[in-house]
Structures are given as structure tokens and as C-alpha cells.
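The file model_2.cif contains mmCIF, C-alpha atoms and all ligand atoms:
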```cif
data_target
loop_
_atom_site.label_atom_id
_atom_site.label_comp_id
_atom_site.auth_asym_id
_atom_site.auth_seq_id
_atom_site.Cartn_x
_atom_site.Cartn_y
_atom_site.Cartn_z
CA MET D 114 52.30 16.19 -16.15
CA THR D 115 50.80 16.81 -12.73
CA THR D 116 47.08 17.31 -12.17
CA SER D 117 46.12 20.35 -10.13
CA PRO D 118 44.04 19.66 -7.02
CA LYS D 119 41.09 21.50 -8.58
CA GLN D 120 40.83 18.92 -11.36
CA ARG D 121 41.08 15.95 -9.01
CA PRO D 122 37.85 13.92 -8.88
CA GLY D 123 36.19 13.67 -5.48
CA LEU D 124 36.40 10.37 -3.64
CA SER D 125 33.37 8.30 -2.82
CA THR D 126 33.16 7.60 0.91
CA THR D 127 31.04 5.34 3.07
CA THR D 128 28.36 6.13 5.57
CA GLY D 129 27.19 3.54 8.03
CA ALA D 130 24.36 2.84 10.42
CA ALA D 131 22.97 5.66 12.56
CA HIS D 132 23.80 3.67 15.69
CA ALA D 133 25.64 0.53 16.81
CA ARG D 134 25.12 -1.93 19.65
CA ILE D 135 26.53 -5.15 21.01
CA TRP D 136 24.47 -7.97 19.50
CA GLY D 137 25.80 -10.77 21.69
CA VAL D 138 28.72 -12.00 23.76
CA GLY D 139 30.56 -15.29 24.19
CA GLY D 140 33.27 -16.60 26.45
CA TYR D 141 35.79 -19.36 26.92
CA ARG D 142 37.23 -20.45 30.28
CA PRO D 143 39.91 -23.13 30.18
CA GLU D 144 39.10 -26.34 32.01
CA ARG D 145 41.90 -26.40 34.57
CA VAL D 146 41.12 -24.65 37.87
CA VAL D 147 44.14 -23.37 39.81
CA THR D 148 43.66 -22.84 43.53
CA ASN D 149 45.48 -20.35 45.75
CA ASP D 150 47.11 -23.28 47.53
CA GLU D 151 48.67 -24.34 44.22
CA ILE D 152 49.94 -20.76 43.66
CA CYS D 153 51.50 -20.87 47.15
CA GLU D 154 53.65 -23.83 46.11
CA THR D 155 55.96 -21.37 44.30
CA ILE D 156 55.59 -18.17 46.37
CA ASP D 157 55.65 -17.40 50.09
CA SER D 158 51.95 -16.61 50.56
CA THR D 159 48.68 -18.06 51.83
CA ASP D 160 45.21 -18.74 50.49
CA GLN D 161 43.86 -16.31 53.09
CA TRP D 162 46.22 -13.45 52.07
CA ILE D 163 45.38 -13.85 48.37
CA ARG D 164 41.62 -13.94 49.08
CA GLU D 165 41.76 -10.91 51.37
CA ARG D 166 44.05 -8.76 49.23
CA THR D 167 42.61 -9.62 45.77
CA GLY D 168 39.30 -11.46 46.16
CA ILE D 169 40.65 -14.27 43.99
CA ILE D 170 39.74 -17.81 45.08
CA THR D 171 40.59 -19.68 41.89
CA ARG D 172 41.64 -18.84 38.34
CA ARG D 173 41.67 -20.86 35.11
CA GLN D 174 44.78 -21.98 33.30
CA ALA D 175 44.98 -22.99 29.65
CA ALA D 176 46.48 -26.36 28.76
CA PRO D 177 50.11 -26.17 27.54
CA ALA D 178 49.08 -26.75 23.93
CA GLU D 179 46.02 -24.49 24.10
CA THR D 180 46.72 -21.21 22.29
CA VAL D 181 45.39 -17.66 22.29
CA VAL D 182 43.93 -18.44 18.85
CA ASP D 183 42.18 -21.58 20.20
CA MET D 184 40.61 -19.71 23.11
CA ALA D 185 39.66 -16.67 21.01
CA SER D 186 38.01 -18.89 18.39
CA ALA D 187 35.96 -20.73 21.03
CA ALA D 188 34.69 -17.44 22.49
CA ALA D 189 33.96 -16.11 18.99
CA ILE D 190 31.86 -19.16 18.09
CA GLU D 191 29.84 -18.69 21.28
CA ALA D 192 29.23 -15.03 20.40
CA LEU D 193 28.11 -16.02 16.90
CA THR D 194 25.71 -18.57 18.39
CA ALA D 195 24.35 -15.97 20.83
CA THR D 196 23.58 -13.56 17.96
CA GLY D 197 22.37 -16.10 15.41
CA LEU D 198 24.82 -14.60 12.89
CA THR D 199 27.08 -16.67 10.66
CA ALA D 200 30.84 -16.15 10.41
CA SER D 201 30.46 -15.05 6.77
CA GLN D 202 28.52 -11.98 7.99
CA ILE D 203 31.53 -10.71 9.98
CA ASP D 204 33.40 -7.94 8.12
CA ALA D 205 36.15 -7.33 10.66
CA VAL D 206 37.82 -9.24 13.49
CA ILE D 207 39.64 -7.29 16.21
CA VAL D 208 41.67 -9.29 18.72
CA ALA D 209 42.84 -7.48 21.85
CA THR D 210 45.70 -9.38 23.45
CA VAL D 211 49.20 -9.00 24.87
CA THR D 212 49.96 -12.71 25.12
CA HIS D 213 49.80 -13.97 21.52
CA PRO D 214 53.33 -15.36 21.35
CA TYR D 215 54.09 -14.24 17.78
CA GLN D 216 55.24 -10.70 17.01
CA THR D 217 53.73 -11.43 13.60
CA PRO D 218 51.36 -12.60 12.17
CA GLY D 219 48.62 -11.32 14.44
CA ALA D 220 46.13 -13.65 16.09
CA ALA D 221 43.10 -12.04 14.41
CA PRO D 222 43.66 -13.36 10.84
CA MET D 223 44.12 -16.88 12.25
CA VAL D 224 40.93 -16.56 14.30
CA ALA D 225 39.04 -15.27 11.24
CA ASP D 226 40.27 -18.25 9.23
CA ARG D 227 39.53 -20.73 12.04
CA ILE D 228 35.90 -19.64 12.43
CA GLY D 229 35.28 -19.16 8.69
CA ALA D 230 35.14 -15.36 8.67
CA THR D 231 37.58 -14.89 5.78
CA PRO D 232 38.17 -12.53 4.05
CA ALA D 233 37.19 -10.26 6.95
CA ALA D 234 39.65 -7.50 7.86
CA ALA D 235 41.52 -8.85 10.86
CA PHE D 236 44.04 -7.18 13.15
CA ASP D 237 45.30 -7.24 16.74
CA ILE D 238 45.37 -4.33 19.16
CA SER D 239 47.74 -4.00 22.10
CA ALA D 240 46.05 -2.05 24.87
CA ALA D 241 46.57 -4.60 27.66
CA CYS D 242 43.67 -4.90 30.09
CA ALA D 243 41.84 -2.05 28.33
CA GLY D 244 42.06 -3.72 24.89
CA TYR D 245 38.47 -4.99 24.76
CA CYS D 246 36.96 -1.59 25.63
CA HIS D 247 39.21 0.02 22.98
CA GLY D 248 37.98 -2.61 20.51
CA ILE D 249 34.32 -1.84 21.31
CA GLN D 250 34.90 1.84 20.51
CA LEU D 251 36.71 1.00 17.24
CA ALA D 252 33.88 -1.36 16.25
CA ASN D 253 31.28 1.28 17.15
CA ASP D 254 33.02 3.79 14.86
CA MET D 255 33.47 1.23 12.06
CA VAL D 256 29.78 0.31 12.02
CA ARG D 257 28.69 3.93 12.16
CA CYS D 258 31.15 5.04 9.46
CA GLY D 259 30.28 2.15 7.17
CA SER D 260 33.65 0.39 7.03
CA ALA D 261 32.02 -2.75 8.48
CA HIS D 262 28.51 -4.02 9.11
CA PHE D 263 29.37 -6.56 11.83
CA VAL D 264 32.61 -6.49 13.84
CA LEU D 265 33.81 -9.30 16.10
CA VAL D 266 35.77 -7.96 19.08
CA ILE D 267 37.70 -10.47 21.17
CA GLY D 268 39.71 -10.01 24.36
CA VAL D 269 41.94 -13.01 24.99
CA GLU D 270 44.95 -13.79 27.16
CA LYS D 271 47.13 -16.74 28.03
CA LEU D 272 48.85 -14.96 30.89
CA SER D 273 50.15 -18.22 32.31
CA ASP D 274 52.77 -18.10 29.51
CA PHE D 275 53.91 -14.62 30.59
CA SER D 276 53.73 -14.85 34.38
CA ASP D 277 56.60 -15.53 36.74
CA ARG D 278 55.34 -18.21 39.13
CA THR D 279 57.99 -17.19 41.64
CA ASP D 280 57.13 -13.46 41.65
CA ARG D 281 55.42 -12.78 44.98
CA GLY D 282 54.00 -9.52 43.63
CA SER D 283 52.06 -10.95 40.68
CA ALA D 284 51.99 -14.77 40.55
CA PHE D 285 48.57 -14.96 42.23
CA ILE D 286 46.71 -12.42 40.11
CA PHE D 287 46.53 -13.58 36.50
CA GLY D 288 44.24 -16.06 34.75
CA ASP D 289 43.68 -17.32 31.20
CA GLY D 290 40.54 -16.98 29.07
CA ALA D 291 38.75 -15.29 26.20
CA GLY D 292 35.64 -13.15 25.82
CA ALA D 293 34.02 -11.96 22.59
CA ALA D 294 31.33 -9.52 21.47
CA ILE D 295 29.75 -8.82 18.11
CA VAL D 296 29.02 -5.18 17.34
CA GLY D 297 26.53 -4.36 14.59
CA PRO D 298 23.98 -1.78 13.41
CA SER D 299 21.24 -0.65 15.73
CA GLY D 300 18.01 1.31 15.69
CA PHE D 301 19.02 3.04 18.97
CA PRO D 302 22.31 4.20 20.51
CA GLY D 303 23.76 1.03 22.08
CA ILE D 304 27.31 2.22 22.81
CA GLY D 305 27.85 5.55 24.53
CA PRO D 306 30.82 7.86 23.91
CA THR D 307 34.09 6.29 25.04
CA VAL D 308 36.27 8.18 27.48
CA TRP D 309 39.75 6.90 26.82
CA GLY D 310 43.34 7.97 27.21
CA SER D 311 46.86 7.09 28.23
CA ASP D 312 49.78 8.08 30.46
CA GLY D 313 52.97 6.65 29.00
CA SER D 314 55.05 8.33 31.71
CA LYS D 315 53.84 5.51 33.98
CA SER D 316 54.74 2.73 31.55
CA GLU D 317 56.99 1.02 34.09
CA MET D 318 54.09 0.39 36.49
CA ILE D 319 52.93 -2.74 34.59
CA SER D 320 55.28 -4.10 32.01
CA GLN D 321 56.99 -7.03 30.35
CA ARG D 322 60.22 -7.32 32.35
CA ASP D 323 62.70 -7.23 29.45
CA SER D 324 62.35 -6.53 25.72
CA TRP D 325 62.79 -9.36 23.25
CA ILE D 326 66.04 -7.71 22.12
CA GLU D 327 67.39 -7.81 25.69
CA VAL D 328 66.40 -11.44 25.94
CA ARG D 329 68.25 -12.13 22.69
CA ASP D 330 71.37 -10.05 23.45
CA HIS D 331 71.86 -10.33 27.17
CA ASN D 332 70.41 -13.68 28.04
CA ALA D 333 67.73 -12.01 30.13
CA PRO D 334 65.28 -14.50 31.60
CA TRP D 335 61.89 -15.17 30.05
CA PRO D 336 60.24 -11.70 29.93
CA ALA D 337 57.33 -12.14 32.33
CA ILE D 338 54.86 -9.36 33.10
CA THR D 339 55.49 -7.62 36.40
CA MET D 340 53.77 -4.76 38.20
CA GLN D 341 54.24 -2.26 41.00
CA GLY D 342 51.17 -3.44 42.88
CA GLN D 343 50.65 -0.55 45.28
CA SER D 344 51.15 2.18 42.65
CA VAL D 345 48.80 0.40 40.24
CA PHE D 346 46.24 0.04 43.00
CA ARG D 347 46.31 3.76 43.85
CA TRP D 348 46.17 4.82 40.19
CA ALA D 349 43.27 2.51 39.47
CA VAL D 350 41.18 3.70 42.41
CA TYR D 351 41.92 7.43 42.32
CA SER D 352 42.33 8.09 38.59
CA MET D 353 39.78 5.69 37.13
CA ALA D 354 36.73 6.73 39.18
CA PRO D 355 36.59 10.17 37.43
CA ILE D 356 36.99 8.43 34.04
CA ALA D 357 34.05 6.13 34.81
CA GLN D 358 32.01 9.15 35.95
CA ALA D 359 32.93 11.00 32.74
CA ALA D 360 31.67 8.05 30.66
CA LEU D 361 28.35 8.24 32.50
CA ASP D 362 28.15 12.01 32.00
CA ARG D 363 28.99 11.83 28.30
CA ALA D 364 26.31 9.19 27.79
CA GLY D 365 23.80 11.36 29.69
CA ILE D 366 23.26 8.60 32.24
CA LYS D 367 23.07 8.84 36.03
CA ALA D 368 24.56 6.14 38.26
CA GLU D 369 21.06 5.15 39.45
CA ASP D 370 19.96 4.50 35.83
CA LEU D 371 22.48 1.67 35.50
CA ASP D 372 21.64 -2.02 35.80
CA ALA D 373 25.24 -3.18 36.02
CA PHE D 374 28.78 -1.98 36.65
CA ILE D 375 31.35 -4.10 34.83
CA PRO D 376 34.86 -2.86 35.63
CA HIS D 377 38.07 -4.61 34.66
CA GLN D 378 38.48 -7.55 37.03
CA ALA D 379 41.88 -6.38 38.33
CA ASN D 380 41.36 -6.83 42.05
CA MET D 381 38.18 -7.15 44.14
CA ARG D 382 39.25 -4.24 46.36
CA ILE D 383 39.70 -1.98 43.30
CA ILE D 384 36.26 -3.02 41.99
CA ASP D 385 34.57 -2.28 45.32
CA ALA D 386 36.45 1.00 45.81
CA LEU D 387 35.38 2.19 42.34
CA ALA D 388 31.74 1.26 43.02
CA LYS D 389 31.91 3.21 46.28
CA LYS D 390 33.51 6.28 44.68
CA LEU D 391 30.81 6.29 41.98
CA LYS D 392 28.18 6.11 44.74
CA LEU D 393 26.41 3.26 42.97
CA PRO D 394 23.07 2.47 44.60
CA GLU D 395 22.78 -1.00 46.19
CA HIS D 396 20.47 -2.39 43.49
CA ILE D 397 23.11 -2.10 40.75
CA ALA D 398 24.82 -5.42 40.06
CA VAL D 399 28.61 -5.19 40.27
CA ALA D 400 30.73 -7.74 38.38
CA HIS D 401 32.78 -9.96 40.72
CA ASP D 402 33.90 -12.53 38.18
CA ILE D 403 37.48 -12.16 39.45
CA ALA D 404 36.74 -14.55 42.36
CA GLU D 405 36.75 -17.59 40.07
CA THR D 406 38.49 -16.21 36.98
CA GLY D 407 41.39 -14.10 38.24
CA ASN D 408 42.60 -11.09 36.28
CA THR D 409 42.41 -12.12 32.61
CA SER D 410 43.45 -8.69 31.27
CA ALA D 411 41.75 -8.05 27.88
CA ALA D 412 39.30 -10.94 28.46
CA SER D 413 38.06 -9.76 31.85
CA VAL D 414 35.25 -7.36 30.88
CA PRO D 415 33.59 -9.60 28.24
CA LEU D 416 33.93 -12.69 30.47
CA ALA D 417 32.37 -10.83 33.40
CA THR D 418 29.59 -9.57 31.09
CA GLN D 419 28.85 -13.07 29.90
CA ARG D 420 28.69 -14.42 33.45
CA MET D 421 26.32 -11.65 34.59
CA LEU D 422 23.97 -12.20 31.64
CA ASP D 423 24.01 -16.00 31.94
CA SER D 424 23.38 -15.94 35.69
CA GLY D 425 20.61 -13.34 35.36
CA GLU D 426 22.55 -10.92 37.58
CA ALA D 427 22.30 -8.31 34.80
CA PRO D 428 19.30 -8.00 32.49
CA HIS D 429 19.44 -8.36 28.71
CA GLY D 430 18.77 -4.90 27.30
CA GLY D 431 19.86 -3.20 30.54
CA LEU D 432 22.42 -0.42 30.88
CA ALA D 433 25.97 -1.23 31.94
CA LEU D 434 28.98 0.95 32.63
CA GLN D 435 32.20 -0.79 31.62
CA ILE D 436 35.71 0.47 32.30
CA ALA D 437 39.08 -1.14 31.77
CA PHE D 438 42.61 0.04 32.52
CA GLY D 439 46.10 -1.38 32.51
CA ALA D 440 49.62 -1.44 31.11
CA GLY D 441 50.58 1.61 29.11
CA LEU D 442 49.11 3.06 31.19
CA VAL D 443 45.88 3.11 29.16
CA TYR D 444 42.18 3.19 29.91
CA ALA D 445 38.75 3.22 28.23
CA ALA D 446 35.22 3.48 29.60
CA GLN D 447 31.78 3.53 28.04
CA VAL D 448 28.12 2.93 28.84
CA ILE D 449 26.58 0.12 26.78
CA VAL D 450 23.18 -1.43 26.31
CA LEU D 451 23.62 -5.09 27.25
CA PRO D 452 22.76 -7.54 24.44
C1 LIG S 1 49.35 -6.77 44.33
C2 LIG S 1 48.52 -6.40 45.55
C3 LIG S 1 47.44 -7.43 45.80
C4 LIG S 1 49.42 -6.33 46.77
O1 LIG S 1 48.66 -5.95 47.88
P1 LIG S 1 49.20 -4.80 48.83
O2 LIG S 1 48.26 -4.68 49.93
O3 LIG S 1 49.42 -3.56 47.97
O4 LIG S 1 50.58 -5.42 49.30
P2 LIG S 1 51.89 -4.66 49.69
O5 LIG S 1 52.83 -4.75 48.55
O6 LIG S 1 51.58 -3.29 50.25
O7 LIG S 1 52.38 -5.52 50.88
C5 LIG S 1 51.64 -5.59 52.11
C6 LIG S 1 52.19 -6.69 52.94
O8 LIG S 1 51.88 -7.95 52.31
C7 LIG S 1 53.08 -8.69 52.09
N1 LIG S 1 52.92 -9.39 50.83
C8 LIG S 1 53.20 -8.93 49.57
N2 LIG S 1 52.93 -9.89 48.67
C9 LIG S 1 52.49 -10.95 49.36
C10 LIG S 1 52.04 -12.23 49.01
N3 LIG S 1 51.99 -12.61 47.71
N4 LIG S 1 51.66 -13.06 49.97
C11 LIG S 1 51.68 -12.71 51.26
N5 LIG S 1 52.09 -11.51 51.69
C12 LIG S 1 52.49 -10.63 50.73
C13 LIG S 1 54.18 -7.68 52.04
O9 LIG S 1 55.42 -8.25 52.38
C14 LIG S 1 53.71 -6.68 53.08
O10 LIG S 1 54.01 -7.19 54.35
P3 LIG S 1 54.44 -6.21 55.57
O11 LIG S 1 53.24 -5.36 55.81
O12 LIG S 1 54.73 -7.15 56.68
O13 LIG S 1 55.60 -5.44 55.08
C15 LIG S 1 47.84 -5.02 45.35
O14 LIG S 1 48.83 -3.99 45.39
C16 LIG S 1 47.11 -4.92 44.07
O15 LIG S 1 46.12 -5.62 43.86
N6 LIG S 1 47.51 -4.01 43.16
C17 LIG S 1 46.85 -3.85 41.90
C18 LIG S 1 47.21 -4.96 41.00
C19 LIG S 1 46.42 -4.94 39.74
O16 LIG S 1 45.26 -4.63 39.75
N7 LIG S 1 47.07 -5.27 38.65
C20 LIG S 1 46.47 -5.35 37.39
C21 LIG S 1 46.21 -4.03 36.86
S1 LIG S 1 45.58 -4.15 35.28
#
```

This structure in C-alpha cells:
Amino acid sequence: MTTSPKQRPGLSTTTGAAHARIWGVGGYRPERVVTNDEICETIDSTDQWIRERTGIITRRQAAPAETVVDMASAAAIEALTATGLTASQIDAVIVATVTHPYQTPGAAPMVADRIGATPAAAFDISAACAGYCHGIQLANDMVRCGSAHFVLVIGVEKLSDFSDRTDRGSAFIFGDGAGAAIVGPSGFPGIGPTVWGSDGSKSEMISQRDSWIEVRDHNAPWPAITMQGQSVFRWAVYSMAPIAQAALDRAGIKAEDLDAFIPHQANMRIIDALAKKLKLPEHIAVAHDIAETGNTSAASVPLATQRMLDSGEAPHGGLALQIAFGAGLVYAAQVIVLP
């Protein structure tokens, strides 16, 4: 016998905190420093060209045995220490990455186990360089809807495993690392509305070269990540400035109210062009972590945030505009109150 909808009992649902904010951040930078001269051992380029075209002087590279899970766990522990929270208080772990080398299981459950956050919900998201900013919005919604009290969001990449050292168009750009943030309840709005979106018609602009199936069936080489540098550059500068402006507008914030601008560390010239297009006043600190970190994809915004807070470049409790964009193509931007 079927029950009619009218007789069905109503479901209980959750409600969460009125607001959410980032409670603290942490980061992990592998020990090994790779210079431009070392990069030029496998491509026809120069230290000067790489510095001038990208702003990158050095990047970090994980040790061969160092994994995405290792780096993510180290960043997560730093974020826990920064907040004074314990791992058992974390209800959900979100890992943004495109370089965890297992299709399954995800990295997040392993990170949760490693840091002692079990049985937290734990899952990976694949939104390339924009993954961390997507994760912040998910965590914001989870805290405010009551599906989690504290959410650990990690952006982590071991791009050295997925780069082609002989590709003149990309070998110099990527770095390895992990950045983490803990999002929890707040007495004030700490994460503004996220402006996010995608354009899958441009998926070929940054992409893994071949699918795993092609590698299996056609003996394709190791599927490194490649990009159409000039097209990506133009898209980032011309299409992302209005997205960053929209995030400011939706948060009700003017550029001059900001303390920091923390864009994805894709390329120094993209960072500076975005700052110019947004007409940021001189006093606003702009993240330039790329110089010593390279482009660490999902890890770049949290790592840059951590550096700015640790160095005193950006004030604790200040307002920051963060925006990230990358393969997909996908993007996400939001104004946050710095922890
Ligand atoms: C990759 C990138 C640095 C290349 O810079 P560019 O100025 O666009 O370079 P171009 O491809 O137009 O090439 C310009 C010149 O540099 C040369 N060149 C290209 N790669 C080179 C290299 N690695 N070393 C030295 N010279 C190089 C080209 O041969 C060309 O020479 P020519 O003028 O004599 O023909 C730049 O396009 C870029 O940063 N794009 C965005 C990448 C990015 O942000 N990716 C991540 C997104 S999440």
C-alpha cells in the first residue's frame, strides 16, 4: 500500500549559525627550492625571461615520496594550531586538488584520518586553481545551514608530478604546496557572497594532455597539464576583473575599503593587471607570493593569505578580496574578513 503525500510526516531539517568566518589559516611549503636556472636545464629559456614574463624567481618542489595527503595534513595541523581548535571539532574536511594521484579514494578521508578528524565528512573537489575559493563558499553554506559547525578547507597540489619538464609553455610556472583554512560560526558576516561560474567551452585552454583511458589504450605519454598561455592570460585579465568587481559589489564593499587583494597566484603580470583594472588604491596590499612559490593552483590563495598575515602585510581582521580561476574554465571570488 502506498502512502499519499498528504499523510507523509514532515522532515526535520537543520539550521546553522547566522554567519560564518574563517577562523584561521595554515600552510605547508616543501623544503626544496627550485630556481629558474634549474628549470632552464630542461627547456630553452632564461632566468631573466621567466622573471619578466611571470614574476617567478623560485618555486618549491615536494620530495618524491611526499604526497598530497602529507602536505595537506601539515597545512591542516597549522590551521588547527592557529585557531586553537582540536581535530575532533572538525565536522567536514574538503580537499581541493587536481594532483592527488588516485582516482579513488579521495585525499580528504585520508587527511581526516591522519589529523584525527574522523568521522568527519570528507570529500575532494576538482575545481583546479579555483578549488579553494569554491571550498570556502561550500563551507560558508554548510556552517550557515547547520550541516557542519567547523569545516576544514584545504587547497593542495603536487604539480611536479603532473608537469612536463620539457614543455617550454608551462614547465616554469608550477609549484607544490598546501594551504588550509578553518571555517566556523561567526557573530558577524565573515564571508561575502561568492561570485562563481564556469565556461566549459574553453576546457582545452588548461588541461591534462590525455585522459587516463588514452594513456591505457594508446600508450599516450604521462598526461601532464598543459595550457595555451596567451589565451589563458587574456581570459584571466579581461574576464576576471569584472568577476572580482562583482564580488566587491555583492558584498557591499568599495575597493578603497579593502586591506588586501589576494588573487590566484597565476602570473605576476595577471595579478598586477587585475589590481590596475580594479583601480585599487596604493595602500591596499596585493599578494605577490608567486615570486617564491610559483603557481600552486588550489593552494595559491591560502598560501598567499598565510604569508601576508605572517609578514604583517595584511592585518588580522581586515577585509580581503580573493579570486581564483583556472582549468574548466572555472572561477570564484569573494570578500572575506581575514582571521
Ligand atoms: C605562459 C606565459 C608566461 C607566456 O608568456 P607570453 O608572453 O604569453 O609568451 P608567448 O607565448 O606570447 O611568447 C612570446 C615570446 O617568448 C618566447 N617564449 C615562449 N616561451 C618561452 C620560454 N619558456 N622561455 C623563453 N622564451 C619563451 C616565444 O617563443 C615568443 O618569442 P618570439 O616573440 O620571438 O616569437 C603567459 O602566456 C602566461 O603567463 N599565461 C598565463 C598562464 C597562467 O596563468 N596559467 C595558469 C592559469 S591558472

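From CA of Ile169 in chain D back to CA of Arg281 in chain D, the distance works out to 14.9 Å.
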
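Reported to one decimal place, the separation of CA of Ala333 in chain D from CA of Ala412 in chain D is 28.5 Å.
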
Counting all atoms listed in the file, what are the residues, protein, DNA or RNA alike, that approach ligand LIG 1 (chain S) to within 6 Å? I want them as a list in words. Asp157, Ser158, Trp162, Arg166, Thr167, Cys242, Arg281, Gly282, Gly342, Gln343, Val345, Phe346, Ala379, Asn380, Phe438 and Gly439 of chain D

Polymer residues at most 10 Å from Thr171 in chain D, only C-alpha atoms, same-chain spacing of 4 or more positions, as a PyMOL selection string: chain D and resi 146-152+160+163-164+285-286+288+403-407

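The interatomic distance for the pair CA of Thr418 in chain D and CA of Arg278 in chain D works out to 28.3 Å.
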
Against range 261-272 of chain D, which residues of range 321-419 of chain D fall within 8 Å? For each one I want the closest pair of atoms and the distance in Å (one decimal), counting only C-alpha atoms, rows by chain and increasing residue number, as JSON lines.
```
{"residue": "D:Thr409", "atom": "CA", "partner": "D:Glu270", "partner_atom": "CA", "distance": 6.2}
{"residue": "D:Ser410", "atom": "CA", "partner": "D:Glu270", "partner_atom": "CA", "distance": 6.7}
{"residue": "D:Ala411", "atom": "CA", "partner": "D:Gly268", "partner_atom": "CA", "distance": 4.5}
{"residue": "D:Ala412", "atom": "CA", "partner": "D:Gly268", "partner_atom": "CA", "distance": 4.2}
{"residue": "D:Ser413", "atom": "CA", "partner": "D:Gly268", "partner_atom": "CA", "distance": 7.7}
{"residue": "D:Pro415", "atom": "CA", "partner": "D:Gly268", "partner_atom": "CA", "distance": 7.3}
```

D:Gln250, D:Thr339, D:Gln321, D:Thr217 ranked by distance to Thr307 in chain D, top pick (using only C-alpha atoms): D:Gln250

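When all atoms listed in the file are used to compute distances to Ser273 in chain D, the closest of the residues D:Lys315, D:Arg145, D:His429, D:Lys389 turns out to be D:Arg145.
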
Nearby residues (all atoms listed in the file) at most 9 Å from Tyr444 in chain D, same-chain spacing under 5 positions excluded, as a compact mmCIF listing (two decimals) with C-alpha atoms, in the coordinates of the input:
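Here's the written file part.txt:
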```txt
# COMPACT_ATOMS: atom_id res chain seq x y z
CA ALA D 240 46.05 -2.05 24.87
CA CYS D 242 43.67 -4.90 30.09
CA ALA D 243 41.84 -2.05 28.33
CA GLY D 244 42.06 -3.72 24.89
CA CYS D 246 36.96 -1.59 25.63
CA HIS D 247 39.21 0.02 22.98
CA VAL D 308 36.27 8.18 27.48
CA TRP D 309 39.75 6.90 26.82
CA GLY D 310 43.34 7.97 27.21
CA SER D 311 46.86 7.09 28.23
CA MET D 353 39.78 5.69 37.13
CA ILE D 356 36.99 8.43 34.04
CA ILE D 436 35.71 0.47 32.30
CA ALA D 437 39.08 -1.14 31.77
CA PHE D 438 42.61 0.04 32.52
CA GLY D 439 46.10 -1.38 32.51
```

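Residues with any atom within 9 Å of Leu371 in chain D, counting only C-alpha atoms and excluding same-chain neighbours fewer than 2 positions away, are Ile366, Lys367, Ala368, Glu369, Ala373, Phe374, Leu393, Ile397, Ala398, Gly431, Leu432, Ala433, Leu434 and Val448 of chain D.
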
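The shortest atom-to-atom distance to Ala233 in chain D, with only C-alpha atoms taken into account, belongs to D:Ala200 out of D:Ala200, D:Val450, D:Leu251, D:Ile156.
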
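Proximity to His132 in chain D at 12 Å, evaluated using only C-alpha atoms and with sequence-adjacent residues fewer than 4 positions away removed, yields D:Thr128, D:Ala252, D:Asn253, D:Asp254, D:Met255, D:Val256, D:Arg257, D:Cys258, D:Gly259, D:His262, D:Val296, D:Gly297, D:Pro298, D:Ser299, D:Gly300, D:Phe301, D:Pro302, D:Gly303, D:Ile304, D:Gly305, D:Pro306, D:Ile449, D:Val450.
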
Near range 291-295 of chain D, within 10 Å and counting all atoms listed in the file, which residues show up once chain neighbours fewer than 2 positions away are dropped, as a PyMOL selection string? chain D and resi 134-143+181-193+195-196+198+203+205-210+245+248-249+252+263-271+289+297+409-419+452

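Each of D:Asp372, D:Asp362, D:Asp312, D:Asp277 was checked against Met340 in chain D using only C-alpha atoms; the smallest atom-to-atom distance is that of D:Asp277.
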
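For the residues D:Ala225, D:Cys153, D:Ala175, D:Ile326, ranking by smallest atom-to-atom distance to Ala284 in chain D using all atoms listed in the file places D:Cys153 first.
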
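If you measure from each of D:Gly313, D:Pro232, D:Gly168, D:Gly197 to Val443 in chain D using all atoms listed in the file, the closest one turns out to be D:Gly313.
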